[in-house]
Each structure stands twice: as structure tokens, then as C-alpha cells.
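Everything on this sheet refers to the single structure shown next.
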Amino acid sequence: MLSVEEALRLVQQHAQPLAPKRVALDDAADLVLAEPVTTTVDSPPYDKTLMDGYAVVSSDRAEVRELLEEIGAGSVPRRAVTPGTATRLMTGAPLPAGADAVIAFEQTEPIDDRTVRFLQLNPAPGQHVLAVGAAVRIGQRVFEPGIVLRPIEIGILAEIGHALVNVWPRPKVAVLPTGNELVAANESPAAGQIRNSNGPMLAAAIARAGGEALELDVARDDRSKLPRLIGAGLAADMLLLCGGVSAGKFDLVPDALAELGVVEVFHKIALRPGKPLWFGVKKFAERQVLVFGLPGNPVSTLVCYELFARPAIAALAGRGFASSPHISATLSHDFKYKGGRTSYLPATIGRPHSSQSGVKESGDMRLTVKILPWHGSADLVALARANGLVRLGSEPEQLTAGTLVRVICL
Ligand code: AMP
Ligand code: MG
């Protein structure tokens with residue numbers, strides 16, 4: 001059976017960034033920039049005052065000076081400042097011609113409407129002035145492609161008038177739960193039915209990963225109806241089916257996908273939970289859709305999503321195929337591991353343990369981890385107590401407390 005690493009490599013190979021798109025700044029937050037940005041303006045566009053005060057000639061030593069005019073932000077001075085004169089400026093107003101410094105309002109005393117006394121007589125040239133182009137100059141490369149647009153970058157793009165920006169769009173990810181037994185969360189299950197927990201769980205996970213989730217109606221295990229709903233899901237950039245991919249009589253998903261021309265890349269991998277995972281690609285003339293058939297058991301669904309679908313969403317969004325980071329932690333208890341397949345076991349990562357005498361010198365700062373007792377892959381509630389998944393290999397092992405293990409954070 002295909003190993004987790006081989007399966008990851010195959011998914012990574014197919015998870016290419018979407019075509020970049022030009023969007024308004026209001027829609028660009030948290031997306032990845034797909035173009036270099038060069039400013040076509042200076043910022044600030046003029047010398048401006050950073051304080052309420054008086055624009056002066058810095059070398060002027062006159063104690064009393066004539067007030068020429070008062071200028072607020074948004075207005076333009078008309079008169080040039082010369083020795084013996086000053087112009088009152090509100091914060092943000094442009095400096096008048098001739099002036100090269102601002103003396104703060106607090107450092108002055110008004111004499112009358114036309115004259116002001118200065119208490120500070122030796123300002124440094126440029127005092128309280130933000131010079132034209134101090135932040136960025138015309139022609140300067142401001143951002144490189146590949147950065148995530150945080151609020152600060154959005155602000156800078158607005159500052160330089162870059163109102164439309166080329167980004168990798170948020171991948172649209174359709175979710176299609178399958179199963180005759182499923183009812184919606186707001187419905188009461190009849191005998192033999194359960195609520196569809198995977199649909200809302202995946203939609204939430206997709207949104208968190210920066211995708212746009214489209215939850216489709218539950219598909220019944222019906223050979224004649226399944227292709228229509230899958231077809232609707234293929235309008236997205238990625239389709240996450242769940243359930244119907246194991247070897248049961250009603251596991252119709254692989255055949256329905258084949259019927260629609262979705263080409264299988266792999267089916268079944270050496271992973272616990274998550275062995276039935278199906279992955280394939282549907283190619284259209286101008287685009288492709290990555291299709292995952294996730295196993296139906298909620299914990300299997302989530303493990304497969306975390307390991308394979310989440311990095312793929314990141315890759316489509318231009319962030320690169322980043323597998324869940326593994327950290328090292330010491331096991332806080334003995335554990336008998338039966339091996340067989342690579343396993344991801346729900347676990348609680350705790351603080352570094354310190355002995356009675358305080359933290360030991362010899363690298364005792366490691367995180368500890370406790371594998372949670374759980375009732376198999378339908379036990380989503382056990383997973384809720386987990387903040388990590390301990391990864392164990394295929395060999396059986398008798399692990400003792402203190403063993404270093406690899407863990408992914410949830
Ligand atoms: P399947 O892979 O379709 O055989 O489903 C495996 C198990 O997962 C069955 O017990 C299903 O009832 C359960 N299951 C499948 N889909 C969902 C879902 N959307 N929400 C909750 N449980 C599900
Ligand atoms: Mg099923």
C-alpha cells in the first residue's frame with residue numbers, strides 16, 4: 001500500500017497555485033500577492049508637518065514673528081515663509097515654501113491675531129517634518145510577490161493608490177458528504193440515522209485554511225444520483241467528498257468519480273485512521289479540480305483533511321504546499337503500539353515538565369504529550385480533547401514514558 005510520504009508527494013505534485021486574479025483591496029486581506037508592487041507616487045506626496053505648530057525657517061532667531069496664514073490638513077499654503085514670519089499648520093498640512101522646520105504649538109505664545117512669540121529659537125532643520133518620499137519614493141519596489149497581505153500591507157497599498165491588486169484567489173472548496181444515514185444538524189435522526197458532522201466540520205476547517213467552503217447537499221448512496229452532485233462539486237477548485245470510499249457495497253464514490261472523468265491518482269494508503277483515502281484530478285480545458293474522497297468516520301476525515309487537503313488548499317492559494325509541521329515531544333506515559341500502518345493518534349500536548357528541583361539542565365524543556373484513550377475513528381469527542389496527533393510508524397513498539405515522539409499540532 002502507498003505510504004503517507006508517497007501519497008503526500010503525489011498530492012503536492014498536483015496541487016498547483018490557481019491563476020492569479022486582480023481584486024479590490026477590500027477583498028485582498030490574507031491573500032498572497034502574485035505581483036511585484038512598485039509605487040508610482042512618493043509618500044508622503046509633500047513635506048508635511050507631524051505636529052500642530054508653526055512652519056518656520058530653522059535658522060531664524062527672531063523671538064516675535066508675523067503670522068502669515070493658518071493651514072489645516074487638506075489645504076495648501078499660499079505664502080512663502082521668510083525670516084521673521086511663520087505659518088500656523090495643523091498636523092498633516094503641507095509645509096509652505098521657504099519653511100524647513102516646525103515649532104510645536106506648545107513652544108509658542110500668541111501675542112495677538114497677527115503675531116506669535118517663539119519660546120524655542122533653534123529648531124534643527126527638518127524638525128517635526130516628514131519629508132516628501134520619506135516612506136517610499138516613486139519607482140521604489142514596495143512588495144515582492146509571495147507575501148501574505150496583512151492589514152498593514154493593505155494599508156500601504158491604499159497609501160500608494162494600488163487599489164486593485166493581483167493575488168492568488170481564495171480556493172473554492174466544495175464539500176459533499178455522502179451516506180443514506182445522514183441528516184442535518186438541525187434535524188432529528190430517525191432509527192439508524194446520524195447527523196452529518198463532517199460537512200460543517202470540513203466547511204469550518206476550509207474557512208480556517210483560507211479557502212471558501214461550499215457545502216453541498218448530502219448525497220445519498222444512489223448510483224444514479226451521485227454523479228449529478230459530484231458534477232456540481234466539480235465547479236469548485238477542490239472537491240472534498242466524505243464517506244463512500246471504503247470497500248462496502250454502498251461505497252459508490254470511486255465508480256461515480258471515474259464515470260465523471262476524475263482520474264484516480266491513488267486509493268487506499270498505509271495510514272491509520274484514514275486507510276480508504278481516495279485522491280484524483282479532474283482536468284478541464286482551462287483548469288483542474290483536485291478531488292479527495294475522505295473516509296466517512298469523522299476522525300479519519302479530519303486526519304486526512306489535516307495531512308492532505310489543508311496543505312493542498314494552501315498550495316492553491318499560493319502559500320506553498322506546507323505539510324502540517326511536526327514537533328517533538330516526550331511521551332508522558334508508557335504506550336503499547338500495535339504498528340501495522342503509519343498512525344496519527346489524538347493526543348494532548350502539555351507544557352514542558354519540570355522536576356521538583358526546577359527545570360533540569362539537560363534539555364528538559366521539551367513539550368510532553370499524552371495519547372488520549374479513544375473509541376476508534378468515530379470518536380470525534382475524544383479528538384476535541386486533543387490539540388495534537390502523535391505520529392507513529394508501521395513497526396509495533398513498546399514505548400516507555402520519556403520516549404521522544406513526533407506530533408502535529410491541531
Ligand atoms: P463510510 O466511509 O461511508 O462507510 O462511512 C464510515 C462511517 O462514517 C459510517 O459510520 C458513517 O455513518 C460515518 N459517516 C459518514 N459520513 C459522515 C458524516 N458526514 N458525518 C458523520 N459521520 C459520517
Ligand atoms: Mg457511507
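Following the order of the C-alpha cells, first chain is A, next is B, and so on, with residues numbered from 1 inside each chain and ligands from 1 in the order they appear.
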
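Restricting the atom set to only C-alpha atoms and all ligand atoms, one finds that the residues within 10 Å of ligand 2 amount to Pro177, Thr178, Gly179, Asn180, Glu181, Leu182, Ala219, Arg220, Asp221, Cys242, Gly243, Gly244, Val245, Ser246, Gly248, Lys249, Phe250, Asp251, Leu252, Val253, Pro295, Gly296 and Asn297 of chain A.
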
Open item on the list: DSSP on the backbone, strand (DSSP E) only: what residues of range 110-285 of chain A does that give? Format it as a VMD selection string.
Closed with: chain A and resid 110 115 to 118 129 to 130 141 to 143 164 to 168 172 to 177 182 to 183 194 to 195 212 to 215 238 to 242 263 to 267 271 to 272 278 to 283

Open item on the list: List as a VMD selection string the protein and nucleic acid residues near range 80-86 of chain A, meaning an atom at most 6 Å away when only C-alpha atoms are counted, but skip any in the same chain fewer than 6 places from it.
Closed with: chain A and resid 54 to 56 60 62 65 to 68 96 to 99

Export C-alpha atoms of the chosen residues as a PDB file, in the first residue's frame?
ATOM      1  CA  TYR A  54       4.361  76.826  13.185  1.00  0.00           C
ATOM      2  CA  ALA A  55       6.286  76.383   9.964  1.00  0.00           C
ATOM      3  CA  VAL A  56       9.472  78.442  10.190  1.00  0.00           C
ATOM      4  CA  ASP A  60      15.511  82.321  12.053  1.00  0.00           C
ATOM      5  CA  ALA A  62      13.541  86.210  15.838  1.00  0.00           C
ATOM      6  CA  ARG A  65       7.248  86.736  14.148  1.00  0.00           C
ATOM      7  CA  GLU A  66       4.406  87.699  11.875  1.00  0.00           C
ATOM      8  CA  LEU A  67       1.698  85.029  11.356  1.00  0.00           C
ATOM      9  CA  LEU A  68       1.124  84.648   7.605  1.00  0.00           C
ATOM     10  CA  PRO A  96       4.866  76.275   2.901  1.00  0.00           C
ATOM     11  CA  ALA A  97       7.669  77.262   0.545  1.00  0.00           C
ATOM     12  CA  GLY A  98      10.679  78.608   2.423  1.00  0.00           C
ATOM     13  CA  ALA A  99       9.936  76.747   5.664  1.00  0.00           C
TER      14      ALA A  99
END

Open item on the list: Which residues are close to range 344-352 of chain A, i.e. within 7 Å by only C-alpha atoms, leaving aside same-chain residues fewer than 3 positions away? Reply as a PyMOL selection string.
Closed with: chain A and resi 272-273+365-372+383+386-392

Next, dump the selected residues to file, keeping only C-alpha atoms, as a compact mmCIF listing (two decimals), in the first residue's frame.
# COMPACT_ATOMS: atom_id res chain seq x y z
CA ARG A 272 -4.50 4.83 10.47
CA PRO A 273 -7.06 6.28 10.67
CA MET A 365 12.31 21.91 28.22
CA ARG A 366 10.66 19.56 25.76
CA LEU A 367 6.91 19.53 25.47
CA THR A 368 5.22 16.46 26.83
CA VAL A 369 2.44 14.61 25.10
CA LYS A 370 -0.27 12.24 26.30
CA ILE A 371 -2.02 9.90 23.88
CA LEU A 372 -5.75 10.05 24.63
CA LEU A 383 -10.49 14.34 19.34
CA ALA A 386 -6.77 16.67 21.63
CA ASN A 387 -4.55 19.50 20.45
CA GLY A 388 -2.20 17.25 18.55
CA LEU A 389 -1.80 13.95 16.74
CA VAL A 390 1.10 11.68 17.68
CA ARG A 391 2.65 10.10 14.63
CA LEU A 392 3.89 6.54 14.97

- [ ] With a distance cut-off of 12 Å and only C-alpha atoms, select the neighbouring residues of Lys172 in chain A, excluding the residue or stretch itself and same-chain residues fewer than 3 positions from it, and output the selection as a list in words.
- [x] Leu18, Trp168, Pro169, Val175, Ala203, Ile206, Ala207, Ala209, Gly210, Gly211, Glu212, Ala213, Leu214, Glu215, Gly233, Leu234, Ala235, Ala236, Asp237, Met238, Leu239, Leu240, Val289, Leu290, Ala312, Ile313, Ala314, Leu316 and Ala317 of chain A

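Close contacts of Glu5 in chain A, defined as residues with an atom at most 12 Å away when counting only C-alpha atoms, with chain neighbours fewer than 3 positions off set aside, comprise Met1, Leu2, Leu8, Arg9, Leu10, Val11, Gln12, Ile269, Ala270, Leu271, Leu307, Phe308, Ser323, Thr342 and Gly393 of chain A.
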
- [ ] Would you mind listing what lies within 7 Å of Glu35 in chain A as a PyMOL selection string, with only C-alpha atoms counted and same-chain residues fewer than 4 positions away left out?
- [x] chain A and resi 144-145+166

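Considering the residues A:Ser343, A:Thr330, A:Ser224, A:Thr87 and counting only C-alpha atoms, Gly274 in chain A has its shortest atom-to-atom contact with A:Ser343.
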
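CA of Val132 in chain A lies 14.9 Å from CA of Val102 in chain A.
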
- [ ] From the DSSP assignment of the backbone, select every residue of range 242-355 of chain A that is alpha helix (DSSP H), and format the answer as a PyMOL selection string.
- [x] chain A and resi 253-259+298-304+310-316

Let's have the selection written as a compact mmCIF listing (two decimals), in the first residue's frame, with N, CA, C and O atoms.
# COMPACT_ATOMS: atom_id res chain seq x y z
N VAL A 253 -18.54 5.97 -4.39
CA VAL A 253 -17.85 7.20 -4.80
C VAL A 253 -16.78 6.96 -5.88
O VAL A 253 -16.78 7.65 -6.90
N PRO A 254 -15.86 5.99 -5.70
CA PRO A 254 -14.82 5.82 -6.73
C PRO A 254 -15.40 5.58 -8.12
O PRO A 254 -14.93 6.18 -9.10
N ASP A 255 -16.43 4.76 -8.22
CA ASP A 255 -17.02 4.49 -9.55
C ASP A 255 -17.67 5.74 -10.13
O ASP A 255 -17.53 6.03 -11.32
N ALA A 256 -18.38 6.48 -9.27
CA ALA A 256 -19.06 7.70 -9.75
C ALA A 256 -18.02 8.72 -10.23
O ALA A 256 -18.23 9.39 -11.24
N LEU A 257 -16.90 8.80 -9.52
CA LEU A 257 -15.85 9.75 -9.93
C LEU A 257 -15.27 9.33 -11.28
O LEU A 257 -15.06 10.17 -12.17
N ALA A 258 -15.03 8.04 -11.43
CA ALA A 258 -14.47 7.55 -12.70
C ALA A 258 -15.42 7.87 -13.85
O ALA A 258 -15.01 8.32 -14.92
N GLU A 259 -16.71 7.68 -13.58
CA GLU A 259 -17.74 7.95 -14.60
C GLU A 259 -17.68 9.40 -15.07
O GLU A 259 -17.94 9.71 -16.23
N PRO A 298 -15.57 10.45 11.26
CA PRO A 298 -15.13 11.83 11.48
C PRO A 298 -13.65 11.99 11.82
O PRO A 298 -13.02 12.92 11.34
N VAL A 299 -13.09 11.13 12.63
CA VAL A 299 -11.68 11.31 12.98
C VAL A 299 -10.81 11.03 11.76
O VAL A 299 -9.84 11.74 11.48
N SER A 300 -11.18 10.00 10.98
CA SER A 300 -10.45 9.70 9.74
C SER A 300 -10.56 10.89 8.79
O SER A 300 -9.59 11.28 8.14
N THR A 301 -11.77 11.44 8.70
CA THR A 301 -11.99 12.60 7.82
C THR A 301 -11.02 13.72 8.20
O THR A 301 -10.34 14.29 7.36
N LEU A 302 -10.98 14.01 9.51
CA LEU A 302 -10.17 15.14 9.95
C LEU A 302 -8.67 14.88 9.77
O LEU A 302 -7.93 15.77 9.35
N VAL A 303 -8.24 13.67 10.09
CA VAL A 303 -6.82 13.35 9.93
C VAL A 303 -6.42 13.48 8.46
O VAL A 303 -5.40 14.09 8.12
N CYS A 304 -7.23 12.91 7.56
CA CYS A 304 -6.92 13.01 6.13
C CYS A 304 -6.97 14.44 5.66
O CYS A 304 -6.14 14.88 4.85
N ARG A 310 -5.54 20.19 3.66
CA ARG A 310 -5.17 21.53 4.13
C ARG A 310 -3.91 22.05 3.42
O ARG A 310 -3.91 23.17 2.90
N PRO A 311 -2.84 21.24 3.33
CA PRO A 311 -1.67 21.74 2.57
C PRO A 311 -2.01 22.00 1.10
O PRO A 311 -1.44 22.91 0.50
N ALA A 312 -2.94 21.22 0.54
CA ALA A 312 -3.30 21.44 -0.87
C ALA A 312 -4.04 22.76 -1.03
O ALA A 312 -3.82 23.49 -2.00
N ILE A 313 -4.91 23.10 -0.07
CA ILE A 313 -5.60 24.40 -0.14
C ILE A 313 -4.56 25.53 -0.10
O ILE A 313 -4.62 26.48 -0.87
N ALA A 314 -3.58 25.37 0.80
CA ALA A 314 -2.52 26.39 0.90
C ALA A 314 -1.77 26.52 -0.43
O ALA A 314 -1.48 27.63 -0.88
N ALA A 315 -1.50 25.40 -1.07
CA ALA A 315 -0.76 25.44 -2.35
C ALA A 315 -1.58 26.16 -3.42
O ALA A 315 -1.05 26.99 -4.16
N LEU A 316 -2.87 25.87 -3.49
CA LEU A 316 -3.73 26.54 -4.48
C LEU A 316 -3.77 28.05 -4.24
O LEU A 316 -3.87 28.84 -5.17
